[in-house]
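For reference, coords.cif (mmCIF, C-alpha atoms and all ligand atoms):
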```cif
data_start
loop_
_atom_site.label_atom_id
_atom_site.label_comp_id
_atom_site.auth_asym_id
_atom_site.auth_seq_id
_atom_site.Cartn_x
_atom_site.Cartn_y
_atom_site.Cartn_z
CA MET U 1 4.59 -2.77 -19.38
CA ASN U 2 2.28 -2.37 -16.43
CA VAL U 3 3.46 -3.68 -13.10
CA LEU U 4 -0.15 -4.12 -12.03
CA SER U 5 -3.21 -4.67 -14.13
CA CYS U 6 -6.64 -5.31 -12.61
CA ARG U 7 -9.45 -6.16 -14.99
CA ALA U 8 -13.16 -6.20 -14.15
CA LEU U 9 -12.52 -7.01 -10.50
CA ARG U 10 -15.54 -7.95 -8.51
CA LYS U 11 -15.60 -8.62 -4.79
CA VAL U 12 -18.69 -9.50 -2.83
CA PHE U 13 -18.92 -9.74 0.96
CA ARG U 14 -22.11 -11.48 2.10
CA GLY U 15 -24.14 -10.28 -0.87
CA ASN U 16 -22.67 -6.78 -0.61
CA VAL U 17 -20.78 -5.85 -3.79
CA VAL U 18 -17.65 -4.08 -2.57
CA LEU U 19 -15.71 -3.90 -5.86
CA HIS U 20 -17.72 -3.46 -9.07
CA ASP U 21 -16.04 -4.39 -12.35
CA LEU U 22 -13.04 -2.40 -11.34
CA ASP U 23 -10.20 -1.77 -13.82
CA LEU U 24 -6.91 -0.36 -12.63
CA GLU U 25 -3.43 -0.25 -14.05
CA VAL U 26 -0.21 0.85 -12.44
CA ALA U 27 2.79 1.39 -14.71
CA GLU U 28 6.38 0.88 -13.66
CA HIS U 29 7.61 3.83 -11.51
CA GLU U 30 4.07 5.18 -11.30
CA VAL U 31 2.48 6.34 -8.04
CA VAL U 32 -1.28 5.85 -8.00
CA VAL U 33 -3.25 7.20 -5.05
CA LEU U 34 -6.68 5.87 -4.11
CA ILE U 35 -9.02 8.28 -2.37
CA GLY U 36 -12.63 7.82 -1.34
CA ALA U 37 -14.92 7.71 1.66
CA SER U 38 -14.53 5.11 4.34
CA GLY U 39 -16.08 1.89 3.04
CA SER U 40 -15.55 2.73 -0.63
CA GLY U 41 -13.36 -0.34 -1.14
CA LYS U 42 -9.78 0.99 -0.98
CA SER U 43 -8.48 -1.58 1.50
CA THR U 44 -10.34 -4.41 -0.18
CA LEU U 45 -8.72 -3.51 -3.49
CA LEU U 46 -5.24 -3.45 -1.94
CA ARG U 47 -5.92 -6.72 -0.11
CA CYS U 48 -7.11 -8.37 -3.33
CA VAL U 49 -3.91 -7.28 -5.10
CA ASN U 50 -1.83 -8.85 -2.32
CA LEU U 51 -4.02 -11.98 -2.50
CA LEU U 52 -5.22 -11.51 1.07
CA GLU U 53 -8.75 -11.69 -0.36
CA THR U 54 -9.92 -13.83 -3.24
CA VAL U 55 -11.72 -12.03 -6.04
CA ASP U 56 -15.17 -13.18 -7.11
CA ASP U 57 -14.58 -12.22 -10.72
CA GLY U 58 -12.01 -10.51 -12.90
CA THR U 59 -8.25 -10.89 -13.09
CA ILE U 60 -5.11 -9.40 -11.61
CA HIS U 61 -1.78 -9.47 -13.42
CA LEU U 62 1.53 -8.64 -11.77
CA ASP U 63 4.31 -8.00 -14.27
CA GLY U 64 2.18 -9.77 -16.84
CA GLU U 65 1.66 -12.88 -14.71
CA HIS U 66 -1.92 -13.82 -14.03
CA ILE U 67 -1.85 -14.04 -10.22
CA THR U 68 -5.55 -14.68 -9.63
CA SER U 69 -5.45 -17.87 -11.64
CA PRO U 70 -6.07 -21.09 -9.71
CA GLY U 71 -2.91 -22.85 -8.62
CA VAL U 72 -0.87 -19.69 -8.10
CA ASN U 73 1.01 -19.78 -4.82
CA PRO U 74 0.04 -16.59 -2.93
CA ASP U 75 3.25 -16.60 -0.87
CA ARG U 76 5.34 -16.53 -4.01
CA VAL U 77 3.32 -13.57 -5.32
CA ARG U 78 3.55 -11.71 -2.01
CA GLN U 79 7.33 -11.91 -2.15
CA ARG U 80 7.11 -9.47 -5.04
CA ILE U 81 4.75 -7.08 -3.27
CA GLY U 82 5.42 -5.02 -0.15
CA MET U 83 2.38 -4.03 1.88
CA VAL U 84 2.10 -1.72 4.87
CA PHE U 85 -1.09 -1.31 6.87
CA GLN U 86 -2.59 1.41 9.03
CA ALA U 87 -1.77 -0.21 12.35
CA PHE U 88 1.90 -0.97 12.71
CA ASN U 89 2.16 -4.67 12.40
CA LEU U 90 5.69 -5.24 13.48
CA PHE U 91 6.25 -8.44 15.43
CA PRO U 92 6.49 -7.21 19.03
CA HIS U 93 8.74 -10.04 20.18
CA LEU U 94 11.36 -9.40 17.48
CA THR U 95 13.91 -6.60 17.34
CA VAL U 96 13.71 -4.04 14.55
CA LEU U 97 16.52 -5.84 12.73
CA ASP U 98 14.83 -9.24 13.05
CA ASN U 99 11.53 -7.76 11.86
CA VAL U 100 13.23 -6.44 8.74
CA THR U 101 15.29 -9.57 8.01
CA LEU U 102 12.61 -12.16 8.76
CA ALA U 103 11.23 -12.50 5.24
CA PRO U 104 14.57 -12.23 3.42
CA ARG U 105 15.97 -14.98 5.66
CA ARG U 106 12.96 -17.29 5.89
CA VAL U 107 11.42 -16.82 2.48
CA HIS U 108 14.34 -15.82 0.30
CA ARG U 109 16.79 -18.01 2.23
CA GLN U 110 19.31 -15.21 2.44
CA PRO U 111 22.16 -15.88 4.86
CA ARG U 112 21.71 -13.92 8.07
CA ARG U 113 24.82 -11.83 7.48
CA ASP U 114 23.71 -10.69 4.03
CA ALA U 115 20.14 -10.03 5.14
CA GLU U 116 21.37 -8.01 8.12
CA ALA U 117 23.80 -5.99 6.04
CA ALA U 118 21.03 -5.12 3.58
CA ALA U 119 18.62 -4.31 6.43
CA MET U 120 21.17 -2.05 8.10
CA ARG U 121 21.68 -0.15 4.85
CA LEU U 122 17.92 0.41 4.59
CA LEU U 123 17.58 1.37 8.26
CA ASP U 124 20.50 3.74 7.91
CA ARG U 125 18.83 5.38 4.94
CA VAL U 126 15.73 6.13 6.98
CA GLY U 127 17.75 7.26 9.99
CA LEU U 128 16.88 4.27 12.18
CA ALA U 129 20.15 2.33 12.20
CA ASP U 130 20.59 3.10 15.90
CA LYS U 131 17.24 1.39 16.64
CA ALA U 132 18.16 -1.92 15.00
CA ARG U 133 18.51 -3.79 18.30
CA GLU U 134 15.46 -2.23 19.95
CA TYR U 135 12.05 -3.87 20.25
CA PRO U 136 9.14 -2.11 18.50
CA ASP U 137 7.53 -0.86 21.74
CA ARG U 138 10.62 1.29 22.39
CA LEU U 139 9.97 3.23 19.16
CA SER U 140 7.54 6.04 18.45
CA GLY U 141 4.61 5.32 16.14
CA GLY U 142 6.31 7.17 13.31
CA GLN U 143 9.51 5.18 13.78
CA GLN U 144 7.55 1.91 13.90
CA GLN U 145 5.77 2.78 10.70
CA ARG U 146 9.07 3.64 9.00
CA VAL U 147 10.41 0.25 10.09
CA ALA U 148 7.28 -1.38 8.64
CA ILE U 149 7.98 0.37 5.33
CA VAL U 150 11.63 -0.69 5.44
CA ARG U 151 10.49 -4.24 6.10
CA ALA U 152 8.21 -4.06 3.05
CA LEU U 153 11.19 -2.87 0.98
CA ALA U 154 13.54 -5.59 2.19
CA ASN U 155 12.42 -8.06 -0.47
CA SER U 156 13.03 -5.52 -3.26
CA PRO U 157 9.37 -5.75 -4.26
CA ARG U 158 8.04 -4.77 -7.67
CA LEU U 159 5.11 -2.96 -6.10
CA ILE U 160 4.46 -1.32 -2.75
CA LEU U 161 0.93 -1.13 -1.35
CA LEU U 162 0.36 1.43 1.41
CA ASP U 163 -2.99 1.39 3.20
CA GLU U 164 -3.61 4.56 5.24
CA VAL U 165 -0.15 4.29 6.74
CA THR U 166 -0.39 7.61 8.58
CA SER U 167 -3.96 7.32 9.91
CA ALA U 168 -3.01 5.85 13.28
CA LEU U 169 -0.19 8.32 13.91
CA ASP U 170 -0.17 11.39 16.11
CA PRO U 171 -0.19 14.43 13.80
CA GLU U 172 3.39 15.39 14.65
CA LEU U 173 4.62 11.97 13.48
CA VAL U 174 2.87 11.96 10.12
CA GLY U 175 5.52 14.09 8.43
CA GLU U 176 8.41 11.69 8.90
CA VAL U 177 6.47 8.83 7.32
CA LEU U 178 5.34 10.98 4.40
CA SER U 179 8.94 12.10 3.79
CA LEU U 180 10.02 8.49 3.53
CA ILE U 181 7.29 7.81 0.96
CA ARG U 182 8.41 10.92 -0.93
CA GLU U 183 11.93 9.49 -1.07
CA LEU U 184 10.66 6.17 -2.37
CA ARG U 185 8.87 8.02 -5.10
CA ALA U 186 12.06 9.88 -6.00
CA ASP U 187 13.78 6.48 -6.31
CA GLY U 188 11.14 5.38 -8.81
CA THR U 189 9.33 2.91 -6.55
CA THR U 190 6.04 1.75 -8.04
CA MET U 191 3.32 2.39 -5.47
CA LEU U 192 -0.40 2.06 -4.97
CA ILE U 193 -1.42 4.15 -1.97
CA ALA U 194 -4.72 4.58 -0.13
CA THR U 195 -4.75 7.78 1.89
CA HIS U 196 -6.87 10.48 3.46
CA GLU U 197 -4.04 12.99 3.26
CA MET U 198 -5.20 15.05 0.31
CA SER U 199 -2.26 17.44 0.29
CA PHE U 200 0.07 14.46 0.25
CA ALA U 201 -1.95 12.85 -2.55
CA ARG U 202 -1.65 16.05 -4.53
CA GLU U 203 2.09 16.09 -4.06
CA VAL U 204 3.10 12.45 -4.71
CA ALA U 205 0.46 11.05 -7.05
CA ASP U 206 1.05 10.67 -10.74
CA ARG U 207 -2.59 9.68 -10.86
CA VAL U 208 -5.43 9.97 -8.35
CA CYS U 209 -8.37 7.54 -8.47
CA PHE U 210 -11.56 8.41 -6.63
CA LEU U 211 -13.34 5.29 -5.42
CA ASP U 212 -17.03 5.44 -4.75
CA GLN U 213 -18.97 2.35 -3.71
CA GLY U 214 -16.42 0.02 -5.25
CA ARG U 215 -16.08 1.86 -8.55
CA ILE U 216 -13.41 4.20 -9.81
CA LEU U 217 -15.71 7.10 -10.50
CA GLU U 218 -13.06 9.53 -11.61
CA GLN U 219 -9.32 9.44 -12.19
CA GLY U 220 -6.62 11.71 -13.54
CA THR U 221 -3.77 13.89 -12.44
CA PRO U 222 -4.03 15.40 -8.95
CA GLN U 223 -4.73 18.76 -10.60
CA GLN U 224 -7.67 17.24 -12.45
CA VAL U 225 -9.24 15.13 -9.72
CA LEU U 226 -8.43 17.25 -6.65
CA GLY U 227 -8.32 20.64 -8.35
CA ALA U 228 -11.20 20.40 -10.81
CA PRO U 229 -13.30 17.30 -10.07
CA GLN U 230 -15.92 16.58 -12.72
CA GLN U 231 -18.22 14.21 -10.83
CA PRO U 232 -20.62 15.62 -8.21
CA ARG U 233 -19.73 12.78 -5.83
CA THR U 234 -16.03 13.60 -6.06
CA GLN U 235 -16.84 17.25 -5.40
CA GLN U 236 -18.94 16.32 -2.36
CA PHE U 237 -16.23 14.05 -1.00
CA LEU U 238 -13.54 16.72 -1.35
CA GLU U 239 -15.73 19.39 0.21
CA ARG U 240 -16.32 17.17 3.22
CA ILE U 241 -12.71 16.16 3.71
CA ILE U 242 -10.94 19.52 3.22
P1 LIG U 301 -12.15 1.46 2.71
O1 LIG U 301 -10.78 0.89 2.87
O2 LIG U 301 -12.29 2.32 1.49
O3 LIG U 301 -12.63 2.15 3.93
P2 LIG U 301 -13.00 -1.30 2.75
O4 LIG U 301 -12.36 -1.94 1.57
O5 LIG U 301 -12.38 -1.53 4.07
O6 LIG U 301 -13.16 0.26 2.45
O7 LIG U 301 -14.49 -1.78 2.85
C1 LIG U 301 -15.37 -1.78 1.74
C2 LIG U 301 -16.64 -2.44 2.16
O8 LIG U 301 -16.42 -3.83 2.35
C3 LIG U 301 -17.24 -1.93 3.44
O9 LIG U 301 -18.63 -1.90 3.30
C4 LIG U 301 -16.82 -2.96 4.45
O10 LIG U 301 -17.74 -3.02 5.51
C5 LIG U 301 -16.84 -4.22 3.63
N1 LIG U 301 -15.89 -5.23 4.11
C6 LIG U 301 -14.55 -5.13 4.13
N2 LIG U 301 -13.97 -6.24 4.60
C7 LIG U 301 -14.98 -7.09 4.91
C8 LIG U 301 -15.04 -8.42 5.43
N3 LIG U 301 -13.93 -9.12 5.74
N4 LIG U 301 -16.28 -8.96 5.61
C9 LIG U 301 -17.40 -8.28 5.29
N5 LIG U 301 -17.41 -7.05 4.79
C10 LIG U 301 -16.22 -6.44 4.59
MG MG U 302 -9.43 1.09 4.42
#
```
Using structure tokens, write down the structure from this file.
Amino acid sequence: MNVLSCRALRKVFRGNVVLHDLDLEVAEHEVVVLIGASGSGKSTLLRCVNLLETVDDGTIHLDGEHITSPGVNPDRVRQRIGMVFQAFNLFPHLTVLDNVTLAPRRVHRQPRRDAEAAAMRLLDRVGLADKAREYPDRLSGGQQQRVAIVRALANSPRLILLDEVTSALDPELVGEVLSLIRELRADGTTMLIATHEMSFAREVADRVCFLDQGRILEQGTPQQVLGAPQQPRTQQFLERII
């Protein structure tokens, strides 16, 4: 079964159609990468999936549950989705450990000891256990972004959404974040990723979707879409970006 299924999604901002009848499915353990020019609708799509935006038409199902139906509690849905944004959005006044355990403790009502033990295991896995008691501003951008990913994993989500998570990083810090995402993929984590890193897309994607003006204009394996694009607009985009 698909973890995510978007059907005929439509999103309009002030008369401007940002997502046009968009269909997208993500199967369990699949890694789908969204590429496309700035403004093509990648973030809006991810935000709609996480119910940070309401859709104007169409439906989204998560594990078969219709999550865009009226009456659905967005907080309950978001507990099953982990999202990481471009700018590190760790809480600056909380330690790394408290950032990671906040949702498990508050939302999932896990006892502090259990939440902290689980968080320490995750932090240890990404080599940041020694930073658990530090505040975010004592960490490099790459470390902060790895903590943000760990925090997104702390609820054992069904789906991880990553929105340009390396775009705000100094080039030398990009690699450590990409390696973490590579590891998640090896563990079978289901992910929907927006990125400008084409070589990374080529490496981790099971499927690449090229978004153009709110439509998926072309999709397929990385070899197909990045190696032999069929649509002139995909070709133009790739020529510009590489
Ligand atoms: P991408 O992530 O691919 O760069 P976005 O999803 O951020 O694209 O934006 C798609 C389009 O929607 C752009 O034209 C952008 O200006 C517009 N948009 C995004 N968010 C809003 C908003 N909150 N209000 C109005 N327009 C928006
Ligand atoms: Mg964006």
>> Let me see if you get this right: every residue at most 7 Å from ligand LIG 301 (chain U), counting only C-alpha atoms and all ligand atoms, written as number ranges by chain.
In response: U: 13-14, 18, 36-45
> Mind pulling up the distance from atom CA of U:Met120 to atom CA of U:Glu164?
Replying inline: 25.8 Å
> Between U:Arg112, U:Arg80, U:Lys11, U:His20, which one has atoms that come closest to U:Asp56, using only C-alpha atoms?
Replying inline: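 Closest to U:Asp56 of all the choices is U:Lys11.
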>> Env of stretch 169-186 of chain U: 7 Å cut, atoms = all atoms listed in the file, seq-sep filter 5 positions within chain, self excluded. Answer as a list in words.
In response: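 Using all atoms listed in the file, the neighbours found are Gly141, Gly142, Gln145, Arg146 and Val204 of chain U.
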Keeping C-alpha atoms for every residue in the selection just given, could you write it to a file as a PDB file, in the coordinates of the input?
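New file out.pdb:
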```pdb
ATOM      1  CA  GLY U 141       4.610   5.320  16.140  1.00  0.00           C
ATOM      2  CA  GLY U 142       6.310   7.170  13.310  1.00  0.00           C
ATOM      3  CA  GLN U 145       5.770   2.780  10.700  1.00  0.00           C
ATOM      4  CA  ARG U 146       9.070   3.640   9.000  1.00  0.00           C
ATOM      5  CA  VAL U 204       3.100  12.450  -4.710  1.00  0.00           C
TER       6      VAL U 204
END
```
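For the pair atom CA of U:Ala119 and atom CA of U:Pro157, the separation is 14.2 Å.
The gap separating atom CA of U:Ala8 from atom CA of U:Thr221 is 22.2 Å, in Å to one decimal.
Shortest separation to U:Ala168 among U:Gln86, U:Met1, U:Gln144, U:Arg207 occurs at residue U:Gln86, atoms counted being all atoms listed in the file.
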> If we count only C-alpha atoms, what is near U:Ile216 at a cut-off of 10 Å, once residues fewer than 2 positions away on the same chain are taken out, given as a ChimeraX atom specification?
Replying inline: /U:19-24,34-36,40-41,208-214,218-219
> Smallest atom-to-atom distance to U:Arg78: which of U:Val147, U:Ile193, U:Ala152, U:Leu9, using all atoms listed in the file?
Replying inline: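 Between U:Val147, U:Ile193, U:Ala152, U:Leu9, the residue approaching U:Arg78 most closely is U:Ala152.
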> Closest to ligand MG 302 (chain U) among U:Asn89, U:Thr166, U:Asn73, U:Thr54, using all atoms listed in the file?
Replying inline: U:Thr166
Please, what is the axis-aligned box for every listed atom of stretch 69-80 of chain U with 5 Å on each side, as centre and edge lengths in Å to one decimal, as JSON?
```
{"center_x": 0.6, "center_y": -16.2, "center_z": -6.3, "size_x": 23.4, "size_y": 23.4, "size_z": 20.8}
```
> Which one is closest to ligand MG 302 (chain U): U:Leu51, U:Leu162, U:Ala103, U:Leu226? Count all atoms listed in the file.
Replying inline: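 Checking each of U:Leu51, U:Leu162, U:Ala103, U:Leu226 against ligand MG 302 (chain U), counting all atoms listed in the file, the winner is U:Leu162.
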>> Measuring between all atoms listed in the file, which one of U:Ser140, U:Thr195, U:Thr59, U:Thr234 shows the shortest distance to ligand MG 302 (chain U)?
In response: U:Thr195
>> Which residues are near stretch 125-135 of chain U? Cut-off 9 Å, all atoms listed in the file, ignore same chain within fewer than 4 positions. Put them as a list in words.
In response: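 Counting only the stated atoms, we get Phe91, Pro92, His93, Leu94, Thr95, Val96, Leu97, Asp98, Ala119, Met120, Arg121, Leu139, Gln143, Arg146, Val147, Val150 and Leu180 of chain U.
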